[in-house]
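These notes concern the structure reproduced below.
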Amino acid sequence: MALAYDLGSKKPNPTTLISSPPPHQLIFTQDELKKIAAYKAVEFVESGMVIGLGTGSTAKHAIDRIGELLHQGKLSNIIGIPTSKQTQHQAFCLGIPVSDIETHPVVDLAIDGADEVDPDMNLVKGRGGSLLREKMIESCCKKFVVIVDESKLVEYVGGSGLAMPVEIVPFCWKFTAKKLESLFGCVAKLRVVMNKLDDPYVTDNGNYIIDLYFKKDVGDLRVAGDAMLRVAGVVEHGMFIDMATTLIVAGEFGVTLRNKY
Ligand SMILES: O=C(CO)[C@H](O)[C@H](O)COP(=O)(O)O
């Protein structure tokens with residue numbers, strides 16, 4: 001096994017290269033890389049486990065694979081805890097039994113994608129709109145495996161320049177958005193339904209999403225996150241700080257796996 005890249009992290013690099021592309025490697029599409037990371041994560045799934053099922057195009061590959069292994073009889077007695085209605089529907093279609101964290105408060109393993117991953121394995125999540133349920137479920141799992149293609153790696157949270165999602169209550173949302181803007185010196189935009197620019201995007205919890213665009217590093221993530229949560233009207237933010245225990249990255253260099261704990 002060889003050590004792989006460290007993304008400029010200050011910490012000793014525990015990343016392990018678990019497979020390299022063959023020398024004649026074709027270029028993978030982004031979706032193929034997502035699938036490679038997802039299939040690697042499913043190797044952690046064992047029969048009898050309660051599994052947090054993430055949301056998004058990367059997590060979808062993992063859930064498809066779990067369904068496939070169940071049907072092949074290579075896995076059994078799996079209980080899935082879906083992080084969104086969309087994932088619940090996928091699990092239902094695949095015949096994966098589902099439950100929730102009220103009935104199964106101990107989740108053995110969760111597998112999910114991310115929008116950004118910083119060198120300390122802090123995440124931005126929620127560009128797919130499911131950050132609240134994802135955080136509720138992934139914060140109570142014993143192991144949280146994050147699966148990404150290499151495009152999701154950033155030097156700092158917010159470093160992609162793309163949205164930092166915050167779930168808010170619909171009541172007086174403009175007021176809440178303005179508060180967030182003045183608190184962080186960022187641009188806050190209400191997420192709308194694609195192709196219906198007047199219709200706010202509504203989460204599975206009946207809330208809205210405000211996408212924050214930062215001009216610079218937000219600094220201490222816990223301080224920033226706590227400040228967001230103190231704004232009345234904010235339900236949850238999309239920073240997943242210190243939650244991921246394992247990171248699987250698929251890229252043109254191969255697949256790397258990094259354990260934090
Ligand atoms: O946080 C999420 C959904 O709320 C997704 O995990 C995140 O947006 C990554 O999505 P994808 O796997 O489609 O790139």
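Please note that chains go A, B, ... in the order of the structure tokens, that every chain numbers its residues from 1, and that ligands are numbered from 1 in the order shown.
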
Run DSSP on the backbone and tell me which residues of range 101-183 of chain A come out as alpha helix (DSSP H); list them as a ChimeraX atom specification.
/A:131-138,173-183

Next, dump the selected residues to file, keeping only N, CA and C atoms, as a compact mmCIF listing (two decimals), in the first residue's frame.
# COMPACT_ATOMS: atom_id res chain seq x y z
N LEU A 131 -29.88 18.52 3.71
CA LEU A 131 -28.87 18.63 4.78
C LEU A 131 -29.42 18.37 6.18
N LEU A 132 -30.66 18.72 6.46
CA LEU A 132 -31.16 18.56 7.82
C LEU A 132 -31.30 17.08 8.19
N ARG A 133 -31.98 16.34 7.34
CA ARG A 133 -32.14 14.89 7.65
C ARG A 133 -30.79 14.18 7.59
N GLU A 134 -29.96 14.62 6.65
CA GLU A 134 -28.61 14.01 6.58
C GLU A 134 -27.87 14.23 7.89
N LYS A 135 -27.91 15.47 8.38
CA LYS A 135 -27.15 15.75 9.61
C LYS A 135 -27.75 15.01 10.80
N MET A 136 -29.07 14.94 10.87
CA MET A 136 -29.70 14.23 12.00
C MET A 136 -29.27 12.77 12.03
N ILE A 137 -29.23 12.16 10.85
CA ILE A 137 -28.93 10.72 10.79
C ILE A 137 -27.43 10.47 10.87
N GLU A 138 -26.66 11.29 10.18
CA GLU A 138 -25.21 11.02 10.11
C GLU A 138 -24.49 11.43 11.40
N TRP A 173 -38.59 34.92 5.22
CA TRP A 173 -37.29 34.40 4.81
C TRP A 173 -36.34 35.49 4.35
N LYS A 174 -36.90 36.58 3.78
CA LYS A 174 -36.02 37.67 3.30
C LYS A 174 -35.29 38.30 4.48
N PHE A 175 -36.00 38.41 5.59
CA PHE A 175 -35.40 38.96 6.81
C PHE A 175 -34.23 38.07 7.26
N THR A 176 -34.47 36.77 7.28
CA THR A 176 -33.42 35.83 7.70
C THR A 176 -32.24 35.89 6.73
N ALA A 177 -32.53 35.97 5.44
CA ALA A 177 -31.45 36.02 4.43
C ALA A 177 -30.60 37.27 4.64
N LYS A 178 -31.28 38.40 4.90
CA LYS A 178 -30.52 39.66 5.11
C LYS A 178 -29.65 39.57 6.35
N LYS A 179 -30.18 38.94 7.40
CA LYS A 179 -29.41 38.78 8.64
C LYS A 179 -28.14 37.99 8.35
N LEU A 180 -28.29 36.91 7.61
CA LEU A 180 -27.12 36.08 7.28
C LEU A 180 -26.12 36.86 6.45
N GLU A 181 -26.63 37.65 5.51
CA GLU A 181 -25.73 38.47 4.68
C GLU A 181 -24.94 39.44 5.53
N SER A 182 -25.64 40.13 6.44
CA SER A 182 -24.91 41.16 7.21
C SER A 182 -23.98 40.51 8.24
N LEU A 183 -24.36 39.35 8.73
CA LEU A 183 -23.52 38.67 9.73
C LEU A 183 -22.21 38.18 9.12

Could you list, as a ChimeraX atom specification, every residue within 10 Å of Lys260 in chain A, counting only C-alpha atoms and ignoring same-chain residues fewer than 5 positions away?
/A:14-15,120-121,242-247

All residues within 10 Å of ligand 1 are required, counting only C-alpha atoms and all ligand atoms; please report them as an NGL selection string.
:A and (30-31 or 34-35 or 38 or 54-61 or 83-84 or 111-116 or 123-135 or 146-149 or 151-152 or 165 or 203 or 238-240)

Please compute the CA of Val193 in chain A-CA of Leu53 in chain A distance, one decimal, in Å.
24.0 Å

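The nearest approach to Ser160 in chain A among the residues A:Phe214, A:Pro119, A:Leu190, A:Gly80, with only C-alpha atoms taken into account, belongs to A:Phe214.
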
Can you tell me, as a PyMOL selection string, what residues are no more than 7 Å from Ile209 in chain A when counting only C-alpha atoms, ignoring any on the same chain fewer than 3 positions away?
chain A and resi 165-168+190-191+201

With N, CA and C atoms retained, export the selected residues as a PDB file, in the first residue's frame.
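Okay, part.pdb is ready:
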ATOM      1  N   PRO A 165     -25.255  25.847   1.735  1.00  0.00           N
ATOM      2  CA  PRO A 165     -26.695  25.837   1.980  1.00  0.00           C
ATOM      3  C   PRO A 165     -27.060  25.970   3.466  1.00  0.00           C
ATOM      4  N   VAL A 166     -28.119  26.711   3.708  1.00  0.00           N
ATOM      5  CA  VAL A 166     -28.648  26.854   5.068  1.00  0.00           C
ATOM      6  C   VAL A 166     -30.155  26.645   4.988  1.00  0.00           C
ATOM      7  N   GLU A 167     -30.677  25.739   5.795  1.00  0.00           N
ATOM      8  CA  GLU A 167     -32.132  25.496   5.785  1.00  0.00           C
ATOM      9  C   GLU A 167     -32.778  26.477   6.762  1.00  0.00           C
ATOM     10  N   ILE A 168     -33.803  27.175   6.294  1.00  0.00           N
ATOM     11  CA  ILE A 168     -34.481  28.178   7.138  1.00  0.00           C
ATOM     12  C   ILE A 168     -35.993  27.962   7.092  1.00  0.00           C
ATOM     13  N   LEU A 190     -32.089  32.879  -2.187  1.00  0.00           N
ATOM     14  CA  LEU A 190     -33.116  31.859  -1.964  1.00  0.00           C
ATOM     15  C   LEU A 190     -33.007  30.806  -3.065  1.00  0.00           C
ATOM     16  N   ARG A 191     -32.978  29.531  -2.681  1.00  0.00           N
ATOM     17  CA  ARG A 191     -32.962  28.482  -3.706  1.00  0.00           C
ATOM     18  C   ARG A 191     -34.352  28.350  -4.321  1.00  0.00           C
ATOM     19  N   TYR A 201     -37.604  26.522  -3.623  1.00  0.00           N
ATOM     20  CA  TYR A 201     -37.387  25.093  -3.404  1.00  0.00           C
ATOM     21  C   TYR A 201     -37.821  24.786  -1.965  1.00  0.00           C
TER      22      TYR A 201
END

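For the pair CA of Gly73 in chain A and CA of Val145 in chain A, the interatomic distance is 23.2 Å.
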
With only C-alpha atoms as the atoms that count, which of A:Gln88, A:Leu75, A:Ser139, A:Val235 lies nearest to Glu46 in chain A?
A:Leu75
